[in-house]
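A.B. asks: Pasting in a structure now, in structure tokens, and then I'll have a few things to ask.
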Amino acid sequence: MACLAVLFCSAGIAAGADDAQSKNILQPQGLEQTGIYALREMDPNLTGAGVKFAVISRSYTYIDDEPQNDYRPDISHNCFKDQAKLPAGTSPHSTAICSILFGEDPAAFHPETGAFYYEGAAPRAQADIFEFWHFVLNNVFTQIPPDADIITASFGSPFEHPWTRGIELLAESYGIVVVASIGNGADAHAPVFYPGAGANVIGVGVVDSVNTEDLATNLANFALAYPEHSSTGPTGDGRCKPDIVAPGNYLAAELNEPNSYEPTGNWSSFSAPVVAGAVGLLVQKARENPELSPAVSPDGGNCVIKAILMNSATKLPYWHKGELQTDDDHVSPLDYVQGAGMLNAVGAYEHLIAGLSKPGEVPTIGWDLNLLDKIQTPQNSYEIRIDEPADKFITATVTWNRHYNTEYPFEPAPEKNCNLRLELRAVDPDNPNNNYLLDHSDSSVDNVEHIHIDADAGYTNYKIIISFSNLDDPKEPALSQRYAVAWNVQNSQETDNIFLYDINADGIVNEADFLIMLNNLLNSTKSPDSYFFGDINPNGVIDVHDLGAILDNRNRQADWLTKQD
């Protein structure tokens, strides 16, 4: 089996490294943007220790369609300096990905950014580096799971294949979290890529860095997930993807240059390892506390992690469900380019440590791994109280696994599937006649349901209800379904973000943004089903009011551009 076992850990995180960290900027800065560095400050023990990754890498070269086994990271790089030397056959792609995940170099340097402390997302984790086709033959087709907690892949195919379904079956059967990039948008002339497009996989899109002539500024500030750079849903069968997005432009280790780091550019290949690294930290924490162990259960633990990540994600400007429209979309649970939003590692950690809460009265943040049964338990309710509901948002997410036949070619097993519905009801304890349905999410094709809505200032009590979408549907012969749910209450997010107006992310609102908006307006009338930025007000369309908002904010500058000057 072409698999390379590597223990990615070093002494750099020990006490002596703290001084270096305080003097130098940490890189990759996208880990700061997504809260991974902040999480490590909150809990310094979270380094990925004891967590195992299976990193699936394509060979860099093929001869007569045969992989040449140059899929390994270049472990001679300084950020891997404590590791044993590897044989020839390294990949620049794998080198960059593994440095983002596991690298550490206290004395890193780039001529345009100066000195920095390089620290990946999970620097003390262990990893097996698998060549893709060998992994498929030895693990996917045999359904023998790798010795790993997390599988991550930064490549894909626009089509579903037996191997993509086999990966989903591994997630379903063993509770392994699978994280994969979803593709690079229209510039790559491709739809959402599998396995990231898979129902049981966490599909990751890319948030672009800002667009200035100063590299240090670009690497430290991030804008939006753009449809032309990050593949958008829906999938061919109508499901929402991606599930989550993360920055993709980082300083990463350069092949055959042990002292060199180069920016990766805005590619989802480099967003996926950041999300995978955050998952590794959550897995480590769940392992340390027996009360959190259901989050790593082989029977649905992958759903818990997915629900927590998605429920805690930060909504970026222009987030809305499904296609552009005026009201909340009840059948499309996610935004077609952002998914549930951008990775928020601190928020995910807070969800996790809030602990498992069973149906009934629960805190305003938490999660559960539970079972619906059509005969015994057709619905579960979670009751929360918000003492000051004004200017609060309620978010709730339900995830569950789709099922597949256990024999090659791992065809879908719809007879085992159930479709679930998520409701949020405002409750008046003194007068049940005043109860009403505040929001619901009920897709007929997704195995994710997601609600993100303002609390009603007149109500302090709410019920999150999970039920079968259609209890009497003869097309759903399965009697039960295991699910994971996460929920929280938070303050309303910023509504006047500069990236509503600075669409090209160059730090200033000007004529260039107006022209982009005008072009999006014209294209949205020609292709109303396509995804375009520009509904600022929002009223469900891009119109003259949105053009006016650009003009009203003309010459407005981003804080990071002012600091650069």
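FYI, nothing fancy with the structure tokens labels: chains A, B, ... in order, residues from 1 per chain, ligands from 1 as they appear.
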Taking 3 positions as the minimum chain separation for residues in the same chain, which residues sit within 12 Å of Pro146 of chain A when counting only C-alpha atoms? Answer as number ranges by chain.

C.D. replies: A: 1, 3, 5, 52-56, 127-130, 134-136, 138-140, 142-143, 149-152, 167, 170-171, 174, 176-178

A.B. asks: Hey, can you spit out that residue selection with C-alpha atoms as a PDB file, in the first residue's frame?

C.D. replies:
ATOM      1  CA  MET A   1       0.000   0.000   0.000  1.00  0.00           C
ATOM      2  CA  CYS A   3       1.030   5.073   2.281  1.00  0.00           C
ATOM      3  CA  ALA A   5       3.223   7.401   7.928  1.00  0.00           C
ATOM      4  CA  LYS A  52      -4.620  10.965  13.323  1.00  0.00           C
ATOM      5  CA  PHE A  53      -5.162  12.267   9.804  1.00  0.00           C
ATOM      6  CA  ALA A  54      -5.350  10.411   6.521  1.00  0.00           C
ATOM      7  CA  VAL A  55      -4.194  12.912   3.897  1.00  0.00           C
ATOM      8  CA  ILE A  56      -5.139  11.736   0.411  1.00  0.00           C
ATOM      9  CA  ALA A 127      -0.697  11.628   9.594  1.00  0.00           C
ATOM     10  CA  ASP A 128      -0.617   8.926   6.973  1.00  0.00           C
ATOM     11  CA  ILE A 129      -0.069  10.336   3.491  1.00  0.00           C
ATOM     12  CA  PHE A 130      -1.891   8.151   0.956  1.00  0.00           C
ATOM     13  CA  HIS A 134      -3.765   3.218  -3.698  1.00  0.00           C
ATOM     14  CA  PHE A 135      -6.146   4.563  -1.044  1.00  0.00           C
ATOM     15  CA  VAL A 136      -9.120   3.814  -3.282  1.00  0.00           C
ATOM     16  CA  ASN A 138      -6.845  -0.638  -0.489  1.00  0.00           C
ATOM     17  CA  ASN A 139      -9.302   1.275   1.694  1.00  0.00           C
ATOM     18  CA  VAL A 140     -12.315   2.470  -0.275  1.00  0.00           C
ATOM     19  CA  THR A 142     -12.360  -2.923   0.430  1.00  0.00           C
ATOM     20  CA  GLN A 143     -14.163  -0.693   2.964  1.00  0.00           C
ATOM     21  CA  ASP A 149      -9.916  10.232  12.843  1.00  0.00           C
ATOM     22  CA  ILE A 150     -10.099  12.580   9.853  1.00  0.00           C
ATOM     23  CA  ILE A 151      -9.759  11.995   6.123  1.00  0.00           C
ATOM     24  CA  THR A 152      -8.902  15.070   4.068  1.00  0.00           C
ATOM     25  CA  ILE A 167     -15.773   7.376   0.774  1.00  0.00           C
ATOM     26  CA  LEU A 170     -16.695   4.985   5.153  1.00  0.00           C
ATOM     27  CA  ALA A 171     -18.011   8.139   6.842  1.00  0.00           C
ATOM     28  CA  TYR A 174     -17.296   4.362  10.937  1.00  0.00           C
ATOM     29  CA  ILE A 176     -14.914   9.214  10.285  1.00  0.00           C
ATOM     30  CA  VAL A 177     -14.974  12.924   9.487  1.00  0.00           C
ATOM     31  CA  VAL A 178     -14.196  13.518   5.805  1.00  0.00           C
TER      32      VAL A 178
END

A.B. asks: Please provide as an NGL selection string all residues within 12 Å of Asn470 of chain A, with the sequence filter that same-chain residues fewer than 2 positions apart are discarded (counting only C-alpha atoms).

C.D. replies: :A and (374 or 378-379 or 418-421 or 442-444 or 466-468 or 472-479)

A.B. asks: Using C-alpha atoms, can you export the residues from the last selection as a PDB file, in the first residue's frame?

C.D. replies:
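again.pdb was written with the following content:
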ATOM      1  CA  LYS A 374     -41.323   6.667  13.408  1.00  0.00           C
ATOM      2  CA  PRO A 378     -41.296  10.665  15.715  1.00  0.00           C
ATOM      3  CA  GLN A 379     -39.995  14.042  16.899  1.00  0.00           C
ATOM      4  CA  CYS A 418     -35.238   9.244   5.984  1.00  0.00           C
ATOM      5  CA  ASN A 419     -35.867  12.916   5.325  1.00  0.00           C
ATOM      6  CA  LEU A 420     -35.897  15.199   8.372  1.00  0.00           C
ATOM      7  CA  ARG A 421     -37.473  18.589   9.046  1.00  0.00           C
ATOM      8  CA  ASP A 442     -37.253  21.195   4.995  1.00  0.00           C
ATOM      9  CA  SER A 443     -35.275  20.219   1.917  1.00  0.00           C
ATOM     10  CA  SER A 444     -36.453  17.162   0.017  1.00  0.00           C
ATOM     11  CA  ILE A 466     -36.705  17.852  14.702  1.00  0.00           C
ATOM     12  CA  SER A 467     -39.139  15.492  13.037  1.00  0.00           C
ATOM     13  CA  PHE A 468     -39.645  13.359   9.978  1.00  0.00           C
ATOM     14  CA  ASP A 472     -46.523   8.776   6.219  1.00  0.00           C
ATOM     15  CA  ASP A 473     -44.455   8.908   3.025  1.00  0.00           C
ATOM     16  CA  PRO A 474     -44.401   5.365   1.570  1.00  0.00           C
ATOM     17  CA  LYS A 475     -41.190   6.257  -0.278  1.00  0.00           C
ATOM     18  CA  GLU A 476     -39.412   6.286   3.079  1.00  0.00           C
ATOM     19  CA  PRO A 477     -39.756   2.742   4.400  1.00  0.00           C
ATOM     20  CA  ALA A 478     -36.932   3.230   6.917  1.00  0.00           C
ATOM     21  CA  LEU A 479     -38.292   3.471  10.446  1.00  0.00           C
TER      22      LEU A 479
END

A.B. asks: Can you pull out every residue within 9 Å of Tyr194 of chain A, counting only C-alpha atoms, but drop anything in the same chain fewer than 5 positions away, and send it as a list in words?

C.D. replies: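 Everything that qualifies: Phe155, Gly156, Ser157, Pro158, Phe159, Glu160, His161, Thr164, Ala180, Ser181, Ile182, Gly183 and Gly203 of chain A.
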
A.B. asks: Need the shell around segment 539-555 of chain A: protein/DNA/RNA residues with any atom at most 8 Å away, counting only C-alpha atoms. Skip same-chain ones fewer than 2 positions apart. Format as a list in words?

C.D. replies: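 Here the answer would be Leu324, Gln325, Thr326, Asp327, Tyr501, Ile508, Val509, Asn510, Asp513, Phe514, Met517, Leu518, Asn520, Leu521, Ser524, Gly534, Asp535, Ile536, Asn537 and Gln557 of chain A.
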
A.B. asks: How would the residues just chosen look if you wrote them out with C-alpha atoms as a JSON list (two decimals), in the first residue's frame?

C.D. replies:
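Below is the file out.json, written as the result:
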[["chain", "number", "residue", "atom", "x", "y", "z"],
["A", 324, "LEU", "CA", -31.61, 35.30, -4.69],
["A", 325, "GLN", "CA", -35.06, 36.08, -3.35],
["A", 326, "THR", "CA", -36.88, 38.19, -0.78],
["A", 327, "ASP", "CA", -37.88, 35.62, 1.83],
["A", 501, "TYR", "CA", -19.76, 47.64, -1.47],
["A", 508, "ILE", "CA", -11.83, 51.22, -1.52],
["A", 509, "VAL", "CA", -15.33, 51.66, -2.90],
["A", 510, "ASN", "CA", -15.08, 53.27, -6.32],
["A", 513, "ASP", "CA", -17.14, 48.28, -7.85],
["A", 514, "PHE", "CA", -19.99, 50.19, -9.49],
["A", 517, "MET", "CA", -22.45, 45.74, -9.70],
["A", 518, "LEU", "CA", -23.89, 47.05, -12.98],
["A", 520, "ASN", "CA", -24.12, 41.69, -12.14],
["A", 521, "LEU", "CA", -27.43, 43.53, -12.42],
["A", 524, "SER", "CA", -28.98, 38.61, -13.19],
["A", 534, "GLY", "CA", -25.21, 42.73, -5.39],
["A", 535, "ASP", "CA", -28.48, 42.61, -3.45],
["A", 536, "ILE", "CA", -27.40, 45.09, -0.79],
["A", 537, "ASN", "CA", -30.76, 46.38, 0.49],
["A", 557, "GLN", "CA", -11.86, 52.72, 2.66]]

A.B. asks: Among segment 404-552 of chain A, which residues does DSSP mark as helix (DSSP H, G or I) when it is run on the backbone? Keep the chain and numbering as in the structure and answer as an MDAnalysis selection string.

C.D. replies: chainID A and resid 414:416 432:434 498:500 511:526 544:552

A.B. asks: Using only C-alpha atoms, which residue out of A:Asn249, A:Thr525, A:Thr113, A:Asn259 lies closest to Cys79 of chain A?

C.D. replies: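 Going through A:Asn249, A:Thr525, A:Thr113, A:Asn259 one by one, the smallest distance to Cys79 of chain A is for A:Asn259.
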
A.B. asks: Show me, as a list in words, the residues that have an atom within 10 Å of Ala121 of chain A when counting only C-alpha atoms, minus same-chain residues fewer than 3 positions from it.

C.D. replies: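 Once the nearby chain positions are removed, what remains is Pro28, Leu31, Ile36, Tyr37, Arg40, Leu46, Thr47, Gly48, Cys98, Ser99, Ile100, Leu101, Phe102, Gly103, Glu104, Arg124, Ala125, Pro273, Val274, Val275, Ala276, Gly277, Ala278, Val279, Gly280 and Leu281 of chain A.
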
A.B. asks: Enumerate, as a PyMOL selection string, the complete set of residues in segment 450-484 of chain A that a backbone-based DSSP assignment places in strand (DSSP E).

C.D. replies: chain A and resi 450-454+461-468+480-484

A.B. asks: From the list A:Asp105, A:Asp299, A:Asp243, A:Glu119, which residue is nearest Ala272 of chain A when using only C-alpha atoms?

C.D. replies: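 The answer is A:Asp243, which sits nearest to Ala272 of chain A.
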
A.B. asks: Taking into account only C-alpha atoms, which residue in the set A:Arg385, A:Lys306, A:Lys241, A:Arg165 is nearest to Pro429 of chain A?

C.D. replies: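 Of A:Arg385, A:Lys306, A:Lys241, A:Arg165, the one nearest Pro429 of chain A, counting only C-alpha atoms, is A:Arg385.
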
A.B. asks: Which residue gives the smallest distance to Ser94 of chain A among A:Trp560, A:Tyr531, A:Phe193, A:Phe270, with only C-alpha atoms counted?

C.D. replies: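 Ranking A:Trp560, A:Tyr531, A:Phe193, A:Phe270 by distance to Ser94 of chain A, first place goes to A:Phe270.
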
A.B. asks: Using Å and a single decimal, report how far atom CA of Trp367 of chain A sits from atom CA of Glu423 of chain A.

C.D. replies: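 Going from atom CA of Glu423 of chain A over to atom CA of Trp367 of chain A, I get 15.6 Å.
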
A.B. asks: Looking at A:Leu137, A:Ile97, A:Ile384, A:Ala396, which one is nearest to Thr460 of chain A, with distances taken over only C-alpha atoms?

C.D. replies: A:Ile384

A.B. asks: Mind giving me the straight-line distance from atom CA of Asn488 of chain A to atom CA of Val362 of chain A in Å, one decimal?

C.D. replies: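 Those two atoms sit 10.5 Å apart.
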
A.B. asks: So, counting only C-alpha atoms, which residue among A:Ala457, A:Leu561, A:Ile25, A:Val304 is closest to Asn218 of chain A?

C.D. replies: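 Between A:Ala457, A:Leu561, A:Ile25, A:Val304, the residue approaching Asn218 of chain A most closely is A:Leu561.
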